[in-house]
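Structure file target-v8.cif; described as mmCIF, C-alpha atoms.
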data_my_file
loop_
_atom_site.group_PDB
_atom_site.id
_atom_site.type_symbol
_atom_site.label_atom_id
_atom_site.label_comp_id
_atom_site.auth_asym_id
_atom_site.auth_seq_id
_atom_site.Cartn_x
_atom_site.Cartn_y
_atom_site.Cartn_z
ATOM 1 C CA MET A 1 10.623 17.060 8.740
ATOM 2 C CA SER A 2 10.334 14.773 5.730
ATOM 3 C CA LEU A 3 7.312 12.610 5.054
ATOM 4 C CA GLU A 4 7.369 9.001 6.316
ATOM 5 C CA VAL A 5 9.128 10.164 9.508
ATOM 6 C CA TRP A 6 6.064 9.349 11.603
ATOM 7 C CA ALA A 7 5.546 6.065 9.735
ATOM 8 C CA GLU A 8 9.074 5.064 10.785
ATOM 9 C CA LYS A 9 8.835 6.558 14.287
ATOM 10 C CA TYR A 10 5.665 4.659 15.166
ATOM 11 C CA ARG A 11 6.601 1.449 13.367
ATOM 12 C CA PRO A 12 6.367 -1.462 15.859
ATOM 13 C CA LYS A 13 9.726 -2.638 17.218
ATOM 14 C CA ARG A 14 8.524 -6.028 18.487
ATOM 15 C CA LEU A 15 6.179 -8.655 17.063
ATOM 16 C CA ASP A 16 3.688 -8.160 19.914
ATOM 17 C CA GLU A 17 3.216 -4.525 18.862
ATOM 18 C CA VAL A 18 2.181 -5.299 15.257
ATOM 19 C CA ILE A 19 -1.356 -4.168 14.398
ATOM 20 C CA ASN A 20 -3.520 -7.093 13.220
ATOM 21 C CA GLN A 21 -1.809 -9.889 11.160
ATOM 22 C CA LYS A 22 -2.125 -12.226 14.146
ATOM 23 C CA HIS A 23 -2.231 -15.206 11.783
ATOM 24 C CA VAL A 24 1.280 -14.257 10.588
ATOM 25 C CA VAL A 25 2.752 -13.180 13.932
ATOM 26 C CA SER A 26 1.720 -16.400 15.705
ATOM 27 C CA ARG A 27 3.557 -18.557 13.131
ATOM 28 C CA VAL A 28 6.620 -16.305 12.975
ATOM 29 C CA LYS A 29 6.954 -16.273 16.782
ATOM 30 C CA VAL A 30 7.467 -20.034 16.828
ATOM 31 C CA PHE A 31 10.473 -19.737 14.478
ATOM 32 C CA VAL A 32 11.920 -16.794 16.442
ATOM 33 C CA GLU A 33 11.583 -18.599 19.776
ATOM 34 C CA GLU A 34 13.477 -21.550 18.306
ATOM 35 C CA ARG A 35 16.003 -19.051 16.862
ATOM 36 C CA ASN A 36 15.925 -20.874 13.561
ATOM 37 C CA ILE A 37 13.861 -19.183 10.867
ATOM 38 C CA PRO A 38 13.409 -20.567 7.331
ATOM 39 C CA HIS A 39 13.547 -18.578 4.109
ATOM 40 C CA MET A 40 10.278 -16.629 4.123
ATOM 41 C CA LEU A 41 8.038 -14.955 1.554
ATOM 42 C CA PHE A 42 5.747 -12.138 2.745
ATOM 43 C CA ALA A 43 3.000 -11.276 0.242
ATOM 44 C CA GLY A 44 0.112 -8.841 0.502
ATOM 45 C CA PRO A 45 -1.125 -5.265 0.023
ATOM 46 C CA PRO A 46 1.204 -2.307 0.709
ATOM 47 C CA GLY A 47 1.344 -0.762 4.172
ATOM 48 C CA THR A 48 0.104 -3.862 6.017
ATOM 49 C CA GLY A 49 3.265 -4.643 8.014
ATOM 50 C CA LYS A 50 5.400 -6.902 5.823
ATOM 51 C CA THR A 51 8.672 -4.967 6.174
ATOM 52 C CA THR A 52 7.834 -4.151 9.795
ATOM 53 C CA ILE A 53 7.533 -7.818 10.765
ATOM 54 C CA ALA A 54 10.779 -8.634 8.921
ATOM 55 C CA LEU A 55 12.625 -5.990 10.975
ATOM 56 C CA CYS A 56 10.918 -7.124 14.197
ATOM 57 C CA ILE A 57 12.259 -10.625 13.536
ATOM 58 C CA ALA A 58 15.781 -9.199 13.157
ATOM 59 C CA ARG A 59 15.506 -7.161 16.376
ATOM 60 C CA GLU A 60 14.263 -10.109 18.408
ATOM 61 C CA LEU A 61 16.965 -12.424 17.044
ATOM 62 C CA TYR A 62 19.966 -10.087 17.298
ATOM 63 C CA GLY A 63 18.971 -7.442 19.857
ATOM 64 C CA GLU A 64 20.254 -3.863 19.596
ATOM 65 C CA ASP A 65 23.052 -4.831 17.196
ATOM 66 C CA TRP A 66 20.654 -6.260 14.619
ATOM 67 C CA ARG A 67 21.788 -3.957 11.806
ATOM 68 C CA GLN A 68 25.207 -5.611 11.469
ATOM 69 C CA ASN A 69 23.580 -8.922 10.593
ATOM 70 C CA VAL A 70 20.811 -7.618 8.328
ATOM 71 C CA LEU A 71 20.965 -6.413 4.729
ATOM 72 C CA GLU A 72 17.950 -4.427 3.502
ATOM 73 C CA THR A 73 17.658 -3.921 -0.242
ATOM 74 C CA ASN A 74 14.861 -2.837 -2.552
ATOM 75 C CA ALA A 75 14.485 -4.876 -5.724
ATOM 76 C CA SER A 76 12.608 -2.081 -7.517
ATOM 77 C CA ASP A 77 15.825 -0.012 -7.436
ATOM 78 C CA GLU A 78 18.233 -2.886 -8.071
ATOM 79 C CA ARG A 79 16.328 -5.478 -10.040
ATOM 80 C CA GLY A 80 18.921 -7.048 -12.347
ATOM 81 C CA ILE A 81 21.049 -10.153 -12.056
ATOM 82 C CA ASP A 82 24.162 -8.111 -11.156
ATOM 83 C CA VAL A 83 22.810 -7.123 -7.739
ATOM 84 C CA ILE A 84 22.155 -10.806 -6.913
ATOM 85 C CA ARG A 85 25.633 -11.866 -8.035
ATOM 86 C CA GLY A 86 27.245 -8.838 -6.379
ATOM 87 C CA LYS A 87 25.970 -7.224 -3.193
ATOM 88 C CA ILE A 88 23.600 -10.003 -2.086
ATOM 89 C CA LYS A 89 26.028 -12.837 -2.790
ATOM 90 C CA ASP A 90 28.889 -11.016 -1.014
ATOM 91 C CA PHE A 91 26.737 -10.479 2.065
ATOM 92 C CA ALA A 92 25.464 -14.071 2.022
ATOM 93 C CA ARG A 93 28.920 -15.655 1.984
ATOM 94 C CA THR A 94 30.195 -13.762 5.056
ATOM 95 C CA ILE A 95 29.922 -15.212 8.561
ATOM 96 C CA ALA A 96 27.365 -13.742 10.960
ATOM 97 C CA LEU A 97 28.649 -11.407 13.691
ATOM 98 C CA GLY A 98 28.037 -11.449 17.450
ATOM 99 C CA GLY A 99 27.800 -15.216 17.742
ATOM 100 C CA ALA A 100 24.704 -15.506 15.508
ATOM 101 C CA GLU A 101 24.345 -18.637 13.398
ATOM 102 C CA TYR A 102 23.166 -16.835 10.275
ATOM 103 C CA ARG A 103 22.483 -13.403 8.810
ATOM 104 C CA ILE A 104 19.238 -12.102 7.254
ATOM 105 C CA ILE A 105 18.691 -10.516 3.848
ATOM 106 C CA VAL A 106 15.426 -8.567 3.544
ATOM 107 C CA LEU A 107 14.626 -8.204 -0.151
ATOM 108 C CA ASP A 108 11.776 -5.699 -0.501
ATOM 109 C CA GLU A 109 9.584 -5.581 -3.628
ATOM 110 C CA ALA A 110 11.004 -8.915 -4.760
ATOM 111 C CA ASP A 111 8.307 -9.180 -7.432
ATOM 112 C CA ALA A 112 10.205 -6.478 -9.351
ATOM 113 C CA LEU A 113 13.190 -8.802 -9.916
ATOM 114 C CA THR A 114 13.721 -9.966 -13.485
ATOM 115 C CA ALA A 115 13.334 -13.669 -14.311
ATOM 116 C CA ASP A 116 17.128 -14.083 -14.648
ATOM 117 C CA ALA A 117 17.695 -12.361 -11.307
ATOM 118 C CA GLN A 118 15.168 -14.668 -9.629
ATOM 119 C CA GLN A 119 16.938 -17.726 -11.042
ATOM 120 C CA ALA A 120 20.256 -16.423 -9.673
ATOM 121 C CA LEU A 121 18.564 -15.743 -6.343
ATOM 122 C CA ARG A 122 17.219 -19.302 -6.225
ATOM 123 C CA ARG A 123 20.753 -20.656 -6.615
ATOM 124 C CA THR A 124 22.100 -18.278 -3.948
ATOM 125 C CA MET A 125 19.380 -19.386 -1.506
ATOM 126 C CA GLU A 126 20.450 -23.009 -2.019
ATOM 127 C CA THR A 127 24.196 -22.444 -1.779
ATOM 128 C CA TYR A 128 24.290 -20.226 1.308
ATOM 129 C CA SER A 129 21.363 -21.608 3.325
ATOM 130 C CA SER A 130 23.733 -22.382 6.225
ATOM 131 C CA THR A 131 24.894 -18.761 6.631
ATOM 132 C CA VAL A 132 21.943 -16.615 5.538
ATOM 133 C CA ARG A 133 18.146 -16.510 5.563
ATOM 134 C CA PHE A 134 16.124 -14.591 3.001
ATOM 135 C CA ILE A 135 12.921 -12.700 3.734
ATOM 136 C CA LEU A 136 11.353 -11.817 0.392
ATOM 137 C CA ILE A 137 8.651 -9.144 0.423
ATOM 138 C CA CYS A 138 6.224 -8.563 -2.446
ATOM 139 C CA ASN A 139 2.706 -7.413 -3.285
ATOM 140 C CA TYR A 140 2.027 -10.232 -5.748
ATOM 141 C CA SER A 141 3.396 -13.688 -4.962
ATOM 142 C CA SER A 142 2.352 -14.888 -8.436
ATOM 143 C CA LYS A 143 5.271 -12.870 -9.859
ATOM 144 C CA ILE A 144 7.765 -14.943 -7.854
ATOM 145 C CA ILE A 145 8.954 -18.025 -9.747
ATOM 146 C CA PRO A 146 7.745 -21.410 -8.381
ATOM 147 C CA PRO A 147 11.272 -22.670 -7.467
ATOM 148 C CA ILE A 148 11.654 -19.765 -5.027
ATOM 149 C CA GLN A 149 8.129 -20.161 -3.614
ATOM 150 C CA SER A 150 8.798 -23.854 -2.953
ATOM 151 C CA ARG A 151 11.932 -22.947 -0.960
ATOM 152 C CA THR A 152 10.194 -20.449 1.311
ATOM 153 C CA ALA A 153 7.546 -20.441 4.014
ATOM 154 C CA VAL A 154 4.810 -18.266 2.487
ATOM 155 C CA PHE A 155 2.942 -15.759 4.682
ATOM 156 C CA ARG A 156 -0.032 -13.919 3.181
ATOM 157 C CA PHE A 157 -0.914 -10.575 4.757
ATOM 158 C CA LYS A 158 -4.489 -9.297 4.990
ATOM 159 C CA ALA A 159 -5.666 -5.784 4.212
ATOM 160 C CA LEU A 160 -6.126 -3.838 7.444
ATOM 161 C CA SER A 161 -9.618 -2.929 8.638
ATOM 162 C CA ASP A 162 -10.864 0.594 9.342
ATOM 163 C CA GLU A 163 -10.530 -0.075 13.075
ATOM 164 C CA ASP A 164 -6.887 -1.113 12.614
ATOM 165 C CA VAL A 165 -6.146 2.165 10.818
ATOM 166 C CA ARG A 166 -8.024 4.122 13.481
ATOM 167 C CA GLU A 167 -5.914 2.477 16.197
ATOM 168 C CA PHE A 168 -2.734 3.485 14.377
ATOM 169 C CA ILE A 169 -3.964 7.075 13.962
ATOM 170 C CA LYS A 170 -4.773 7.261 17.691
ATOM 171 C CA ARG A 171 -1.262 6.030 18.476
ATOM 172 C CA ILE A 172 0.306 8.885 16.492
ATOM 173 C CA VAL A 173 -2.181 11.521 17.701
ATOM 174 C CA LYS A 174 -1.440 10.605 21.318
ATOM 175 C CA GLY A 175 2.324 10.453 20.807
ATOM 176 C CA GLU A 176 2.537 13.790 18.973
ATOM 177 C CA LYS A 177 -0.162 15.495 21.103
ATOM 178 C CA LEU A 178 -2.197 16.452 18.020
ATOM 179 C CA LYS A 179 -5.710 17.866 17.806
ATOM 180 C CA ILE A 180 -7.894 16.193 15.185
ATOM 181 C CA ASP A 181 -11.638 16.074 14.534
ATOM 182 C CA GLU A 182 -13.616 12.937 13.744
ATOM 183 C CA GLY A 183 -14.192 13.999 10.125
ATOM 184 C CA ALA A 184 -10.429 14.127 9.546
ATOM 185 C CA VAL A 185 -9.967 10.651 11.066
ATOM 186 C CA LYS A 186 -12.659 9.234 8.782
ATOM 187 C CA ALA A 187 -11.084 10.966 5.775
ATOM 188 C CA ILE A 188 -7.652 9.470 6.520
ATOM 189 C CA ILE A 189 -9.188 6.017 6.952
ATOM 190 C CA TYR A 190 -11.076 6.393 3.661
ATOM 191 C CA LEU A 191 -8.079 7.659 1.681
ATOM 192 C CA SER A 192 -5.477 5.285 3.116
ATOM 193 C CA GLU A 193 -7.477 2.156 2.138
ATOM 194 C CA GLY A 194 -5.791 0.051 4.811
ATOM 195 C CA ASP A 195 -2.257 1.338 4.124
ATOM 196 C CA LEU A 196 -0.759 2.451 7.456
ATOM 197 C CA ARG A 197 2.215 4.108 5.751
ATOM 198 C CA ARG A 198 -0.130 6.302 3.737
ATOM 199 C CA ALA A 199 -2.215 7.055 6.831
ATOM 200 C CA ALA A 200 0.888 8.284 8.690
ATOM 201 C CA ASN A 201 1.984 10.411 5.727
ATOM 202 C CA LEU A 202 -1.449 12.045 5.386
ATOM 203 C CA LEU A 203 -1.557 12.777 9.105
ATOM 204 C CA GLN A 204 1.921 14.276 9.105
ATOM 205 C CA ALA A 205 1.291 16.428 6.029
ATOM 206 C CA ALA A 206 -2.013 17.735 7.418
ATOM 207 C CA ALA A 207 -0.513 18.509 10.829
ATOM 208 C CA VAL A 208 1.685 21.303 9.437
ATOM 209 C CA LEU A 209 -1.324 23.255 8.097
ATOM 210 C CA GLY A 210 -2.830 24.242 11.437
ATOM 211 C CA GLU A 211 -3.252 23.553 15.130
ATOM 212 C CA LYS A 212 -6.258 21.266 14.589
ATOM 213 C CA ILE A 213 -6.439 18.779 11.730
ATOM 214 C CA THR A 214 -9.731 18.957 9.843
ATOM 215 C CA GLU A 215 -11.293 16.980 7.009
ATOM 216 C CA ASP A 216 -10.597 19.822 4.545
ATOM 217 C CA MET A 217 -6.892 19.767 5.457
ATOM 218 C CA VAL A 218 -6.678 16.028 4.842
ATOM 219 C CA TYR A 219 -8.204 16.257 1.360
ATOM 220 C CA GLU A 220 -6.032 19.275 0.590
ATOM 221 C CA VAL A 221 -2.769 17.453 1.316
ATOM 222 C CA ALA A 222 -4.027 14.218 -0.274
ATOM 223 C CA SER A 223 -4.804 15.989 -3.570
ATOM 224 C CA GLN A 224 -7.663 13.564 -4.128
ATOM 225 C CA ALA A 225 -11.279 14.067 -5.084
ATOM 226 C CA ARG A 226 -13.715 14.494 -2.211
ATOM 227 C CA PRO A 227 -16.286 11.678 -2.171
ATOM 228 C CA ASP A 228 -19.183 14.100 -1.660
ATOM 229 C CA ASP A 229 -18.195 16.168 -4.718
ATOM 230 C CA VAL A 230 -17.904 13.109 -6.943
ATOM 231 C CA LYS A 231 -21.166 11.648 -5.645
ATOM 232 C CA LEU A 232 -22.997 14.915 -6.359
ATOM 233 C CA MET A 233 -21.453 15.086 -9.840
ATOM 234 C CA LEU A 234 -22.651 11.567 -10.664
ATOM 235 C CA GLU A 235 -26.123 12.210 -9.261
ATOM 236 C CA ASN A 236 -26.437 15.368 -11.387
ATOM 237 C CA ALA A 237 -25.358 13.430 -14.466
ATOM 238 C CA LEU A 238 -27.915 10.684 -13.775
ATOM 239 C CA LYS A 239 -30.685 13.295 -13.377
ATOM 240 C CA GLY A 240 -29.808 14.764 -16.768
ATOM 241 C CA LYS A 241 -28.177 17.866 -15.263
ATOM 242 C CA PHE A 242 -25.122 17.532 -17.472
ATOM 243 C CA LYS A 243 -24.146 21.222 -17.186
ATOM 244 C CA ASP A 244 -24.073 21.067 -13.363
ATOM 245 C CA ALA A 245 -22.104 17.828 -13.431
ATOM 246 C CA ARG A 246 -19.615 19.328 -15.895
ATOM 247 C CA GLU A 247 -19.108 22.397 -13.673
ATOM 248 C CA LEU A 248 -18.243 20.165 -10.715
ATOM 249 C CA LEU A 249 -15.787 18.249 -12.898
ATOM 250 C CA HIS A 250 -14.081 21.499 -13.977
ATOM 251 C CA LYS A 251 -13.890 22.595 -10.336
ATOM 252 C CA MET A 252 -12.013 19.407 -9.439
ATOM 253 C CA LEU A 253 -9.674 19.349 -12.417
ATOM 254 C CA VAL A 254 -8.984 23.075 -12.891
ATOM 255 C CA ARG A 255 -9.475 24.814 -9.539
ATOM 256 C CA GLN A 256 -8.400 21.976 -7.241
ATOM 257 C CA GLY A 257 -5.745 20.724 -9.680
ATOM 258 C CA LEU A 258 -6.683 17.050 -9.334
ATOM 259 C CA SER A 259 -5.517 14.521 -11.898
ATOM 260 C CA GLY A 260 -7.951 12.716 -14.160
ATOM 261 C CA GLU A 261 -6.822 9.359 -12.757
ATOM 262 C CA ASP A 262 -7.677 10.429 -9.195
ATOM 263 C CA VAL A 263 -11.162 11.598 -10.194
ATOM 264 C CA MET A 264 -11.738 8.416 -12.190
ATOM 265 C CA ARG A 265 -10.678 6.292 -9.216
ATOM 266 C CA GLU A 266 -13.177 8.046 -6.962
ATOM 267 C CA ILE A 267 -15.931 7.703 -9.591
ATOM 268 C CA HIS A 268 -15.261 3.971 -9.585
ATOM 269 C CA ARG A 269 -15.664 3.821 -5.807
ATOM 270 C CA GLN A 270 -18.928 5.810 -5.866
ATOM 271 C CA VAL A 271 -20.669 3.870 -8.649
ATOM 272 C CA TYR A 272 -21.631 0.984 -6.374
ATOM 273 C CA GLY A 273 -23.686 3.278 -4.127
ATOM 274 C CA LEU A 274 -25.699 4.935 -6.909
ATOM 275 C CA PRO A 275 -29.506 4.371 -6.924
ATOM 276 C CA ILE A 276 -29.560 2.605 -10.287
ATOM 277 C CA PRO A 277 -30.213 -1.021 -11.347
ATOM 278 C CA GLU A 278 -27.381 -3.542 -11.136
ATOM 279 C CA GLU A 279 -27.380 -3.898 -14.919
ATOM 280 C CA SER A 280 -26.697 -0.163 -15.261
ATOM 281 C CA LYS A 281 -23.831 -0.385 -12.745
ATOM 282 C CA VAL A 282 -22.263 -3.141 -14.842
ATOM 283 C CA ARG A 283 -22.396 -0.925 -17.926
ATOM 284 C CA LEU A 284 -20.907 1.993 -15.998
ATOM 285 C CA ILE A 285 -18.008 -0.085 -14.690
ATOM 286 C CA GLU A 286 -17.299 -1.242 -18.236
ATOM 287 C CA ALA A 287 -17.337 2.375 -19.450
ATOM 288 C CA ILE A 288 -15.081 3.516 -16.583
ATOM 289 C CA GLY A 289 -12.545 0.852 -17.505
ATOM 290 C CA GLU A 290 -12.518 2.025 -21.119
ATOM 291 C CA TYR A 291 -12.114 5.734 -20.296
ATOM 292 C CA GLU A 292 -9.477 5.053 -17.620
ATOM 293 C CA PHE A 293 -7.480 3.117 -20.192
ATOM 294 C CA ARG A 294 -7.714 6.000 -22.667
ATOM 295 C CA ILE A 295 -6.428 8.458 -20.054
ATOM 296 C CA SER A 296 -3.551 6.142 -19.138
ATOM 297 C CA GLU A 297 -2.622 5.977 -22.833
ATOM 298 C CA GLY A 298 -2.327 9.773 -23.024
ATOM 299 C CA ALA A 299 -5.817 10.993 -23.978
ATOM 300 C CA ASP A 300 -6.979 14.349 -22.574
ATOM 301 C CA ALA A 301 -8.415 13.693 -19.104
ATOM 302 C CA LEU A 302 -11.008 16.497 -19.242
ATOM 303 C CA ILE A 303 -12.443 15.352 -22.581
ATOM 304 C CA GLN A 304 -12.554 11.715 -21.530
ATOM 305 C CA LEU A 305 -14.237 12.465 -18.196
ATOM 306 C CA GLU A 306 -16.787 14.703 -19.909
ATOM 307 C CA ALA A 307 -17.486 11.874 -22.344
ATOM 308 C CA LEU A 308 -18.037 9.547 -19.384
ATOM 309 C CA LEU A 309 -20.447 12.037 -17.768
ATOM 310 C CA ALA A 310 -22.309 12.294 -21.072
ATOM 311 C CA GLN A 311 -22.653 8.512 -21.166
ATOM 312 C CA ILE A 312 -23.872 8.486 -17.555
ATOM 313 C CA SER A 313 -26.447 11.206 -18.377
ATOM 314 C CA ALA A 314 -27.696 9.186 -21.339
ATOM 315 C CA LEU A 315 -27.943 6.099 -19.126
ATOM 316 C CA GLY A 316 -29.872 8.078 -16.488
ATOM 317 C CA VAL A 317 -32.383 9.324 -19.034
ATOM 318 C CA LYS A 318 -32.848 5.781 -20.384
ATOM 319 C CA THR A 319 -33.281 4.352 -16.865
ATOM 320 C CA SER A 320 -35.934 6.923 -15.891
ATOM 321 C CA ARG A 321 -38.156 6.036 -18.828
#

Rewrite the structure from the file as structure tokens, please.
Amino acid sequence: MSLEVWAEKYRPKRLDEVINQKHVVSRVKVFVEERNIPHMLFAGPPGTGKTTIALCIARELYGEDWRQNVLETNASDERGIDVIRGKIKDFARTIALGGAEYRIIVLDEADALTADAQQALRRTMETYSSTVRFILICNYSSKIIPPIQSRTAVFRFKALSDEDVREFIKRIVKGEKLKIDEGAVKAIIYLSEGDLRRAANLLQAAAVLGEKITEDMVYEVASQARPDDVKLMLENALKGKFKDARELLHKMLVRQGLSGEDVMREIHRQVYGLPIPEESKVRLIEAIGEYEFRISEGADALIQLEALLAQISALGVKTSR
């Protein structure tokens, strides 16, 4: 079974089933009840229900035969002007089937479209507004040109809370009859960061490792640094125990096979809870940004992370004086 199967299986089929996003669902319902939706722009973090709500709209408008009146396309795969002038324009100019007044084009990751493609899309939205409605989905609405934003009803999605993610996990656990301990649930919530798609993928990947899903299984399939390990590493560095901190770093990078970017990301999350003055935290965040940039530019991750630990140790010694 491939990953994302559970994410698709437990994706809500109706607007009433969507987790959170009540501020979006309540507005969308009005358009659906009137059976006359405008062009819409869904913007917000990944895994918060943007594509799900778009498909729920299609199901409630067209019923079981919704697929014949809906075109789903991903702009990150087809981002040039040709796809707008070709596939999208061809679909837009055809009459809706089954007695519907218009068809729907769901354009995922619309912020990946080039500027020329967005200009062509703007013209297509104007020309075929009587036969098609566009639902544009993106993470960053600022990357959508103003002429398109002015032609759409903009809906901004919120990041999901820990309780929202927990509810989704319970839904899957109950449906698949899984056994999971509380530590594993907390780990999935922590790692998913409000992304329900990622939560479902972590749960599915961990489920194949044993009868009961544990915290260790979750971190194993996530291939991410454990918060406790990173916290201990930083505390050792601050106490001047550079050798101990370095050994923990080697354990994560060499034995566990984690990437430098993943360790750096977890360091960034742990800095705010360290028992050091606010001024020192500011300096650490600045240093983390510099070393993360070096790694992204191709510098050796082990050397750069060791350099960061050395800087943290020096800061700890200075703070203790």

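Interatomic distance, atom CA of Glu72 of chain A against atom CA of Ile144 of chain A: 18.5 Å.
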
Using only C-alpha atoms, can you tell me which of A:Lys241, A:His39, A:Glu247, A:Arg166 comes closest to Thr152 of chain A?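 Closest candidate: A:His39.
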
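Candidate residues A:Asp244, A:Glu101, A:Glu297, A:Gly183 were compared for distance to Met217 of chain A, and the nearest is A:Gly183, using only C-alpha atoms.
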
Have a look at A:Ile148, A:Ala117, A:Ala159, A:Val218 and name the one nearest to Leu196 of chain A; count only C-alpha atoms.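 Distance minimum relative to Leu196 of chain A lands on A:Ala159.
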
For Ile303 of chain A, list every protein, DNA or RNA residue within 12 Å, evaluated using all atoms listed in the file, and leave out those in the same chain fewer than 3 positions away; present the list as a list in words.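 Contacts, in chain order: Arg246, Leu249, His250, Leu253, Gly260, Tyr291, Glu292, Arg294, Ile295, Gly298, Ala299, Asp300, Glu306, Ala307, Leu308, Leu309 and Ala310 of chain A.
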
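Computed from the coordinates, the atom CA of Glu220 of chain A to atom CA of Leu305 of chain A distance equals 21.6 Å.
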
Residues of segment 86-187 of chain A that have any atom at most 10 Å from an atom of segment 50-60 of chain A: could you tabulate them with the shortest-distance atom pair and the distance in Å to one decimal, using all atoms listed in the file, ordered by chain and increasing number, as JSON lines?
{"residue": "A:Arg103", "atom": "CA", "partner": "A:Ala58", "partner_atom": "CA", "distance": 9.0}
{"residue": "A:Ile104", "atom": "CA", "partner": "A:Ala58", "partner_atom": "CA", "distance": 7.4}
{"residue": "A:Ile105", "atom": "CA", "partner": "A:Ala54", "partner_atom": "CA", "distance": 9.6}
{"residue": "A:Val106", "atom": "CA", "partner": "A:Ala54", "partner_atom": "CA", "distance": 7.1}
{"residue": "A:Leu107", "atom": "CA", "partner": "A:Thr51", "partner_atom": "CA", "distance": 9.3}
{"residue": "A:Asp108", "atom": "CA", "partner": "A:Thr51", "partner_atom": "CA", "distance": 7.4}
{"residue": "A:Glu109", "atom": "CA", "partner": "A:Thr51", "partner_atom": "CA", "distance": 9.9}
{"residue": "A:Phe134", "atom": "CA", "partner": "A:Ala54", "partner_atom": "CA", "distance": 10.0}
{"residue": "A:Ile135", "atom": "CA", "partner": "A:Ala54", "partner_atom": "CA", "distance": 6.9}
{"residue": "A:Leu136", "atom": "CA", "partner": "A:Ala54", "partner_atom": "CA", "distance": 9.1}
{"residue": "A:Ile137", "atom": "CA", "partner": "A:Lys50", "partner_atom": "CA", "distance": 6.7}
{"residue": "A:Cys138", "atom": "CA", "partner": "A:Lys50", "partner_atom": "CA", "distance": 8.5}
{"residue": "A:Asn139", "atom": "CA", "partner": "A:Lys50", "partner_atom": "CA", "distance": 9.5}
{"residue": "A:Phe155", "atom": "CA", "partner": "A:Lys50", "partner_atom": "CA", "distance": 9.3}
{"residue": "A:Arg156", "atom": "CA", "partner": "A:Lys50", "partner_atom": "CA", "distance": 9.3}
{"residue": "A:Phe157", "atom": "CA", "partner": "A:Lys50", "partner_atom": "CA", "distance": 7.4}

Residues matched by the PyMOL selection byres ((chain A and resi 161) around 12), written as a tab-separated table (two decimals) with C-alpha atoms, in the frame of the given file:
chain	number	residue	atom	x	y	z
A	19	ILE	CA	-1.36	-4.17	14.40
A	20	ASN	CA	-3.52	-7.09	13.22
A	21	GLN	CA	-1.81	-9.89	11.16
A	48	THR	CA	0.10	-3.86	6.02
A	158	LYS	CA	-4.49	-9.30	4.99
A	159	ALA	CA	-5.67	-5.78	4.21
A	160	LEU	CA	-6.13	-3.84	7.44
A	162	ASP	CA	-10.86	0.59	9.34
A	163	GLU	CA	-10.53	-0.08	13.08
A	164	ASP	CA	-6.89	-1.11	12.61
A	165	VAL	CA	-6.15	2.16	10.82
A	166	ARG	CA	-8.02	4.12	13.48
A	167	GLU	CA	-5.91	2.48	16.20
A	168	PHE	CA	-2.73	3.48	14.38
A	189	ILE	CA	-9.19	6.02	6.95
A	190	TYR	CA	-11.08	6.39	3.66
A	192	SER	CA	-5.48	5.28	3.12
A	193	GLU	CA	-7.48	2.16	2.14
A	194	GLY	CA	-5.79	0.05	4.81
A	195	ASP	CA	-2.26	1.34	4.12
A	196	LEU	CA	-0.76	2.45	7.46

With the file shown as input, list the residues that the PyMOL selection byres ((chain A and resi 207) around 12) selects, as a compact mmCIF listing (two decimals) with C-alpha atoms, keeping the file's coordinate frame.
# COMPACT_ATOMS: atom_id res chain seq x y z
CA MET A 1 10.62 17.06 8.74
CA LEU A 3 7.31 12.61 5.05
CA TRP A 6 6.06 9.35 11.60
CA ILE A 172 0.31 8.88 16.49
CA VAL A 173 -2.18 11.52 17.70
CA GLU A 176 2.54 13.79 18.97
CA LYS A 177 -0.16 15.50 21.10
CA LEU A 178 -2.20 16.45 18.02
CA LYS A 179 -5.71 17.87 17.81
CA ILE A 180 -7.89 16.19 15.18
CA ASP A 181 -11.64 16.07 14.53
CA ALA A 184 -10.43 14.13 9.55
CA ALA A 200 0.89 8.28 8.69
CA ASN A 201 1.98 10.41 5.73
CA LEU A 202 -1.45 12.04 5.39
CA LEU A 203 -1.56 12.78 9.10
CA GLN A 204 1.92 14.28 9.10
CA ALA A 205 1.29 16.43 6.03
CA ALA A 206 -2.01 17.74 7.42
CA VAL A 208 1.68 21.30 9.44
CA LEU A 209 -1.32 23.26 8.10
CA GLY A 210 -2.83 24.24 11.44
CA GLU A 211 -3.25 23.55 15.13
CA LYS A 212 -6.26 21.27 14.59
CA ILE A 213 -6.44 18.78 11.73
CA THR A 214 -9.73 18.96 9.84
CA GLU A 215 -11.29 16.98 7.01
CA ASP A 216 -10.60 19.82 4.54
CA MET A 217 -6.89 19.77 5.46
CA VAL A 218 -6.68 16.03 4.84
CA GLU A 220 -6.03 19.27 0.59
CA VAL A 221 -2.77 17.45 1.32

Taking (9.3, -17.6, 12.7) in the file's own coordinates, collect the residues within 12 Å, counting all atoms listed in the file, and hand them back as JSON, numbers by chain. {"A": [15, 23, 24, 25, 26, 27, 28, 29, 30, 31, 32, 33, 34, 35, 36, 37, 38, 39, 40, 41, 42, 53, 54, 56, 57, 58, 60, 61, 133, 135, 152, 153, 154, 155]}
